[in-house]
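Structure file run-v7.cif (mmCIF, C-alpha atoms) is printed below.
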data_target
loop_
_atom_site.label_atom_id
_atom_site.label_comp_id
_atom_site.auth_asym_id
_atom_site.auth_seq_id
_atom_site.Cartn_x
_atom_site.Cartn_y
_atom_site.Cartn_z
CA MET A 1 6.72 14.12 -42.33
CA LYS A 2 3.40 14.05 -40.53
CA GLY A 3 1.40 17.23 -40.07
CA ASP A 4 1.43 19.05 -36.74
CA ASN A 5 -1.84 19.35 -34.82
CA LYS A 6 -1.31 22.41 -32.61
CA ASN A 7 -4.48 21.79 -30.61
CA LYS A 8 -3.04 18.53 -29.35
CA MET A 9 0.52 19.76 -28.77
CA GLN A 10 1.97 19.09 -25.37
CA LEU A 11 5.63 18.97 -26.44
CA ARG A 12 7.56 20.56 -29.26
CA ILE A 13 7.90 18.33 -32.30
CA ASN A 14 9.61 18.49 -35.67
CA GLU A 15 10.20 22.06 -36.88
CA GLN A 16 9.03 23.49 -33.55
CA ILE A 17 12.30 22.37 -31.99
CA ARG A 18 14.64 25.39 -32.04
CA ALA A 19 17.79 23.94 -30.48
CA ARG A 20 20.81 23.68 -32.82
CA GLU A 21 21.52 20.11 -31.73
CA VAL A 22 19.64 17.40 -29.86
CA ARG A 23 20.30 14.04 -28.21
CA ILE A 24 18.42 11.23 -29.92
CA VAL A 25 17.26 8.25 -27.84
CA GLY A 26 15.05 5.31 -28.68
CA ASP A 27 14.48 1.59 -28.31
CA ASP A 28 16.55 0.72 -31.39
CA ILE A 29 18.80 3.81 -31.43
CA GLU A 30 21.98 4.36 -29.46
CA SER A 31 22.00 7.68 -27.61
CA THR A 32 23.55 10.16 -30.03
CA VAL A 33 24.01 13.93 -30.19
CA MET A 34 23.49 15.40 -33.66
CA PRO A 35 22.45 18.64 -35.35
CA THR A 36 18.68 19.15 -35.25
CA ARG A 37 18.48 19.30 -39.06
CA ASP A 38 20.06 15.84 -39.26
CA ALA A 39 17.63 14.52 -36.62
CA LEU A 40 14.70 15.91 -38.63
CA ARG A 41 16.02 14.23 -41.75
CA LEU A 42 16.36 10.93 -39.88
CA ALA A 43 12.78 11.22 -38.59
CA GLU A 44 11.55 11.84 -42.11
CA GLU A 45 13.38 8.79 -43.40
CA LYS A 46 11.78 6.64 -40.71
CA GLU A 47 8.36 8.28 -41.30
CA VAL A 48 7.99 9.26 -37.68
CA ASP A 49 8.15 12.48 -35.65
CA LEU A 50 11.01 14.08 -33.77
CA VAL A 51 9.56 14.63 -30.28
CA GLU A 52 11.34 16.77 -27.68
CA ILE A 53 10.75 14.81 -24.48
CA SER A 54 13.25 16.64 -22.23
CA PRO A 55 13.55 20.29 -23.30
CA THR A 56 15.58 21.37 -20.22
CA ALA A 57 18.42 18.94 -20.85
CA ASN A 58 21.63 20.15 -22.51
CA PRO A 59 21.24 19.38 -25.32
CA PRO A 60 17.46 18.70 -25.38
CA VAL A 61 16.55 15.03 -25.53
CA CYS A 62 14.37 13.90 -28.43
CA ARG A 63 12.75 10.65 -29.42
CA LEU A 64 11.90 9.30 -32.85
CA ILE A 65 8.32 8.12 -32.59
CA ASP A 66 4.85 8.53 -34.02
CA TYR A 67 3.61 11.48 -31.96
CA SER A 68 -0.01 10.32 -31.86
CA LYS A 69 1.24 6.95 -30.59
CA TYR A 70 3.38 8.74 -28.00
CA LEU A 71 0.38 10.73 -26.73
CA TYR A 72 -1.68 7.55 -26.51
CA GLN A 73 1.03 5.81 -24.46
CA GLN A 74 1.32 8.79 -22.10
CA LYS A 75 -2.44 8.96 -21.58
CA LYS A 76 -2.57 5.21 -20.97
CA LYS A 77 0.18 5.45 -18.34
CA ALA A 78 -1.57 8.36 -16.63
CA LYS A 79 -4.83 6.42 -16.59
CA GLU A 80 -3.14 3.36 -15.05
CA ILE A 81 -1.49 5.47 -12.36
CA LYS A 82 -4.80 7.13 -11.54
CA ALA A 83 -6.53 3.76 -11.32
CA LYS A 84 -3.94 2.53 -8.83
CA GLN A 85 -4.33 5.56 -6.61
CA THR A 86 -6.73 4.86 -3.77
CA LYS A 87 -9.02 7.68 -2.78
CA VAL A 88 -8.95 7.89 1.00
CA GLU A 89 -12.24 8.89 2.58
CA VAL A 90 -12.91 9.83 6.18
CA LYS A 91 -15.75 7.82 7.69
CA GLU A 92 -17.40 9.18 10.83
CA ILE A 93 -18.71 7.02 13.65
CA ARG A 94 -20.74 8.58 16.43
CA PHE A 95 -20.99 7.38 20.03
CA GLY A 96 -22.85 8.56 23.06
CA PRO A 97 -21.02 8.80 26.40
CA GLN A 98 -22.97 5.75 27.62
CA THR A 99 -23.04 3.60 24.49
CA GLY A 100 -24.21 0.03 25.15
CA GLU A 101 -22.18 -3.06 24.31
CA ALA A 102 -24.38 -4.15 21.40
CA ASP A 103 -24.22 -0.72 19.77
CA TYR A 104 -20.47 -0.55 20.41
CA ALA A 105 -19.89 -3.95 18.75
CA PHE A 106 -22.01 -2.89 15.76
CA LYS A 107 -19.99 0.29 15.23
CA LEU A 108 -16.70 -1.50 15.80
CA LYS A 109 -17.57 -3.88 12.96
CA HIS A 110 -18.29 -0.95 10.64
CA ALA A 111 -14.97 0.67 11.58
CA GLN A 112 -13.13 -2.56 10.73
CA GLU A 113 -14.77 -2.59 7.29
CA PHE A 114 -13.90 1.07 6.66
CA LEU A 115 -10.26 0.56 7.63
CA SER A 116 -9.97 -2.63 5.57
CA ASP A 117 -11.12 -0.61 2.54
CA GLY A 118 -8.32 1.88 3.15
CA ASN A 119 -10.44 4.67 4.64
CA LYS A 120 -9.77 6.74 7.73
CA VAL A 121 -12.13 6.60 10.69
CA LYS A 122 -13.09 9.66 12.71
CA ALA A 123 -14.87 8.46 15.82
CA TYR A 124 -16.44 10.93 18.19
CA VAL A 125 -18.50 11.03 21.33
CA PHE A 126 -21.30 13.59 21.31
CA PHE A 127 -22.15 15.12 24.68
CA LYS A 128 -25.73 16.34 24.68
CA GLY A 129 -26.81 18.81 27.35
CA ARG A 130 -25.55 17.94 30.82
CA SER A 131 -23.92 14.71 29.59
CA ILE A 132 -20.70 16.73 29.26
CA VAL A 133 -20.01 15.65 32.87
CA PHE A 134 -19.24 12.20 31.40
CA LYS A 135 -16.35 13.47 29.24
CA GLU A 136 -13.85 11.16 31.01
CA GLN A 137 -16.14 8.23 30.28
CA GLY A 138 -16.19 9.30 26.63
CA GLU A 139 -12.40 9.42 26.52
CA VAL A 140 -12.17 5.90 27.95
CA LEU A 141 -14.63 4.71 25.29
CA LEU A 142 -12.56 6.16 22.46
CA LEU A 143 -9.32 4.72 23.82
CA ARG A 144 -10.95 1.30 24.06
CA PHE A 145 -12.13 1.74 20.46
CA ALA A 146 -8.58 2.49 19.32
CA ASN A 147 -7.21 -0.51 21.23
CA ASP A 148 -9.77 -2.87 19.68
CA LEU A 149 -8.67 -1.69 16.21
CA GLU A 150 -4.91 -1.77 16.79
CA GLU A 151 -4.34 -4.55 14.23
CA LEU A 152 -5.96 -2.52 11.45
CA ALA A 153 -5.32 1.09 12.40
CA LYS A 154 -2.88 3.51 13.93
CA VAL A 155 -3.95 6.50 16.01
CA GLU A 156 -3.58 9.69 14.03
CA SER A 157 -4.89 11.97 16.77
CA MET A 158 -5.69 11.16 20.39
CA PRO A 159 -9.11 11.97 21.93
CA ASN A 160 -9.60 15.73 21.78
CA LEU A 161 -12.60 17.69 23.03
CA GLU A 162 -13.96 20.27 20.60
CA GLY A 163 -17.11 21.92 21.90
CA LYS A 164 -19.58 19.14 22.64
CA ARG A 165 -17.67 16.52 20.69
CA MET A 166 -14.60 14.48 21.55
CA PHE A 167 -12.78 13.22 18.47
CA LEU A 168 -10.40 10.34 17.78
CA THR A 169 -8.89 9.86 14.30
CA LEU A 170 -7.60 6.52 13.05
CA SER A 171 -5.80 5.83 9.79
CA PRO A 172 -5.42 2.40 8.16
CA LYS A 173 -2.18 0.52 8.31
CA LYS A 174 -0.64 -0.75 5.09
CA ALA A 175 -2.71 -3.46 3.48
CA GLY A 176 -1.59 -6.97 4.23
CA GLN A 177 0.59 -5.87 7.14
CA PRO A 178 -1.64 -5.74 10.22
CA LYS A 179 0.25 -5.51 13.49
CA LYS A 180 -0.11 -8.62 15.62
CA SER A 181 -0.62 -8.33 19.34
CA GLN A 182 2.05 -9.79 21.64
CA GLN A 183 -0.38 -12.44 22.85
CA LYS A 184 -1.09 -13.54 19.30
CA ARG A 185 2.63 -13.73 18.48
CA ASP A 186 3.23 -15.80 21.64
CA ASN A 187 0.40 -18.19 20.72
CA GLU A 188 1.76 -18.63 17.20
CA ALA A 189 5.26 -19.31 18.56
CA ALA A 190 3.89 -21.91 21.00
CA GLU A 191 1.93 -23.62 18.21
CA ALA A 192 5.03 -23.71 15.98
CA GLN A 193 7.10 -25.23 18.81
CA ALA A 194 4.44 -27.87 19.50
CA LYS A 195 4.32 -28.83 15.83
CA ALA A 196 8.11 -29.11 15.67
CA THR A 197 8.19 -31.31 18.77
CA ALA A 198 5.43 -33.57 17.44
CA LYS A 199 7.23 -33.90 14.11
CA ALA A 200 10.50 -34.83 15.82
CA GLU A 201 8.79 -37.47 17.95
CA ALA A 202 7.05 -38.96 14.92
CA GLU A 203 10.33 -39.19 13.02
CA ALA A 204 12.01 -40.79 16.04
CA GLU A 205 9.32 -43.48 16.22
CA GLN A 206 9.71 -44.27 12.54
CA GLU A 207 13.49 -44.59 12.79
CA GLY A 208 13.31 -46.88 15.86
CA PRO A 209 15.67 -46.88 18.87
CA ASN A 210 19.07 -45.28 18.60
CA PRO A 211 21.75 -48.04 18.66
CA ASN A 212 24.25 -45.59 20.18
CA SER A 213 22.01 -44.89 23.15
CA PRO A 214 23.28 -46.29 26.54
CA PHE A 215 19.84 -47.84 27.02
CA ALA A 216 19.83 -49.58 23.64
CA GLY A 217 18.95 -53.29 24.00
CA LEU A 218 18.01 -52.93 27.67
CA ALA A 219 14.49 -54.28 27.14
CA GLU A 220 15.81 -57.33 25.26
CA LYS A 221 18.35 -58.09 28.01
CA LEU A 222 15.67 -57.92 30.70
CA ALA A 223 13.46 -60.25 28.69
CA GLU A 224 16.30 -62.79 28.34
CA SER A 225 17.03 -62.60 32.06
CA ASN A 226 13.41 -63.34 32.96
CA GLN A 227 13.39 -66.37 30.69
CA GLU A 228 16.44 -67.83 32.45
#

Show me, as structure tokens, the structure contained in the file I just sent.
Amino acid sequence: MKGDNKNKMQLRINEQIRAREVRIVGDDIESTVMPTRDALRLAEEKEVDLVEISPTANPPVCRLIDYSKYLYQQKKKAKEIKAKQTKVEVKEIRFGPQTGEADYAFKLKHAQEFLSDGNKVKAYVFFKGRSIVFKEQGEVLLLRFANDLEELAKVESMPNLEGKRMFLTLSPKKAGQPKKSQQKRDNEAAEAQAKATAKAEAEAEQEGPNPNSPFAGLAEKLAESNQE
């Protein structure tokens, strides 16, 4: 039986398990309930540890495994889960109430990059001094900004004036599932229909005239008539 390292203990193992009986599970073991002393003896025979993986079950569930290997597997799983988790940041973009088109396009491009990376975007219009009289103009600007980003983002909070700043918060849509505008869907449908029509016409030309058509042979008959 392997020695117990109390500094590394996260679960009860071996003689630390106080339940009278346990349920043994494993890759090569059929789920079985047995007295704890018999489970300990079985672990010793297999030169592994008896690890209590579900202490709240009735009876507690244990696994026969090398405990150091078990800890390594658990840490590896936790590391993989952490690596898959995307840290969402909030990126701020500042506008003035009378932002020019070139500056607007520049900031729109940055917002698209932020959203594509999975970050939120907090856009705001800053009203300096007497420019607060243009607050309606600032609201229109933010709404336009949200509309231009509709394929990448959803509005989390509508334009809201806080002091001298009007905020708009956008959150990214799920990756790989941008929402298409109605115009884009209509264009794609029209293109698909045109391709289908062109394909059908090409196949018809290759197959030649339909012998069952009421006009079949009409051209040949006219030609014969002219010759007579």

**Study point:** Residues in the PyMOL selection byres ((chain A and resi 114) around 10), expressed as a PyMOL selection string
**Key:** chain A and resi 89-92+108-113+115-121+152+171-172

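Of note, atom CA of A:Lys154 and atom CA of A:Gly138 are spaced 19.3 Å apart.
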
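Evaluated against the shown file, the PyMOL selection byres ((chain A and resi 31-39) around 8) gives Ile17, Ala19, Arg20, Glu21, Val22, Arg23, Ile24, Val25, Gly26, Ile29, Glu30, Leu40, Arg41, Leu42, Ala43, Leu50 and Pro59 of chain A.
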
Check your understanding: In Å to one decimal, how far is atom CA of A:Glu15 from atom CA of A:Lys69?
Key ->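 That distance, rounded to one decimal, is 18.7 Å.
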
Applied to this file, what does the PyMOL selection byres ((chain A and resi 104) around 12) return in terms of residues, put as a PDB file with C-alpha atoms, in the frame of the given file?
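Wrote it out as out_1.pdb, contents follow:
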ATOM      1  CA  ILE A  93     -18.710   7.020  13.650  1.00  0.00           C
ATOM      2  CA  ARG A  94     -20.740   8.580  16.430  1.00  0.00           C
ATOM      3  CA  PHE A  95     -20.990   7.380  20.030  1.00  0.00           C
ATOM      4  CA  GLY A  96     -22.850   8.560  23.060  1.00  0.00           C
ATOM      5  CA  PRO A  97     -21.020   8.800  26.400  1.00  0.00           C
ATOM      6  CA  GLN A  98     -22.970   5.750  27.620  1.00  0.00           C
ATOM      7  CA  THR A  99     -23.040   3.600  24.490  1.00  0.00           C
ATOM      8  CA  GLY A 100     -24.210   0.030  25.150  1.00  0.00           C
ATOM      9  CA  GLU A 101     -22.180  -3.060  24.310  1.00  0.00           C
ATOM     10  CA  ALA A 102     -24.380  -4.150  21.400  1.00  0.00           C
ATOM     11  CA  ASP A 103     -24.220  -0.720  19.770  1.00  0.00           C
ATOM     12  CA  ALA A 105     -19.890  -3.950  18.750  1.00  0.00           C
ATOM     13  CA  PHE A 106     -22.010  -2.890  15.760  1.00  0.00           C
ATOM     14  CA  LYS A 107     -19.990   0.290  15.230  1.00  0.00           C
ATOM     15  CA  LEU A 108     -16.700  -1.500  15.800  1.00  0.00           C
ATOM     16  CA  LYS A 109     -17.570  -3.880  12.960  1.00  0.00           C
ATOM     17  CA  HIS A 110     -18.290  -0.950  10.640  1.00  0.00           C
ATOM     18  CA  ALA A 111     -14.970   0.670  11.580  1.00  0.00           C
ATOM     19  CA  ALA A 123     -14.870   8.460  15.820  1.00  0.00           C
ATOM     20  CA  VAL A 125     -18.500  11.030  21.330  1.00  0.00           C
ATOM     21  CA  LEU A 141     -14.630   4.710  25.290  1.00  0.00           C
ATOM     22  CA  LEU A 142     -12.560   6.160  22.460  1.00  0.00           C
ATOM     23  CA  ARG A 144     -10.950   1.300  24.060  1.00  0.00           C
ATOM     24  CA  PHE A 145     -12.130   1.740  20.460  1.00  0.00           C
ATOM     25  CA  ASP A 148      -9.770  -2.870  19.680  1.00  0.00           C
TER      26      ASP A 148
END

Check your understanding: Any idea what the distance is between atom CA of A:Gln16 and atom CA of A:Val61?
Key ->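 Taking atom CA of A:Gln16 and atom CA of A:Val61, their separation equals 13.9 Å.
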
Practice item. Could you tell me which of A:Ala194, A:Met166, A:Leu149, A:Val155 comes closest to A:Gln137 if we count only C-alpha atoms? Key: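 Closest to A:Gln137 of all the choices is A:Met166.
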
Exercise for review: Compare A:Glu191, A:Glu52, A:Glu150, A:Glu45 by their minimum atom-to-atom distance to A:Lys173, counting all atoms listed in the file, and give me the closest one.
Suggested key: A:Glu150
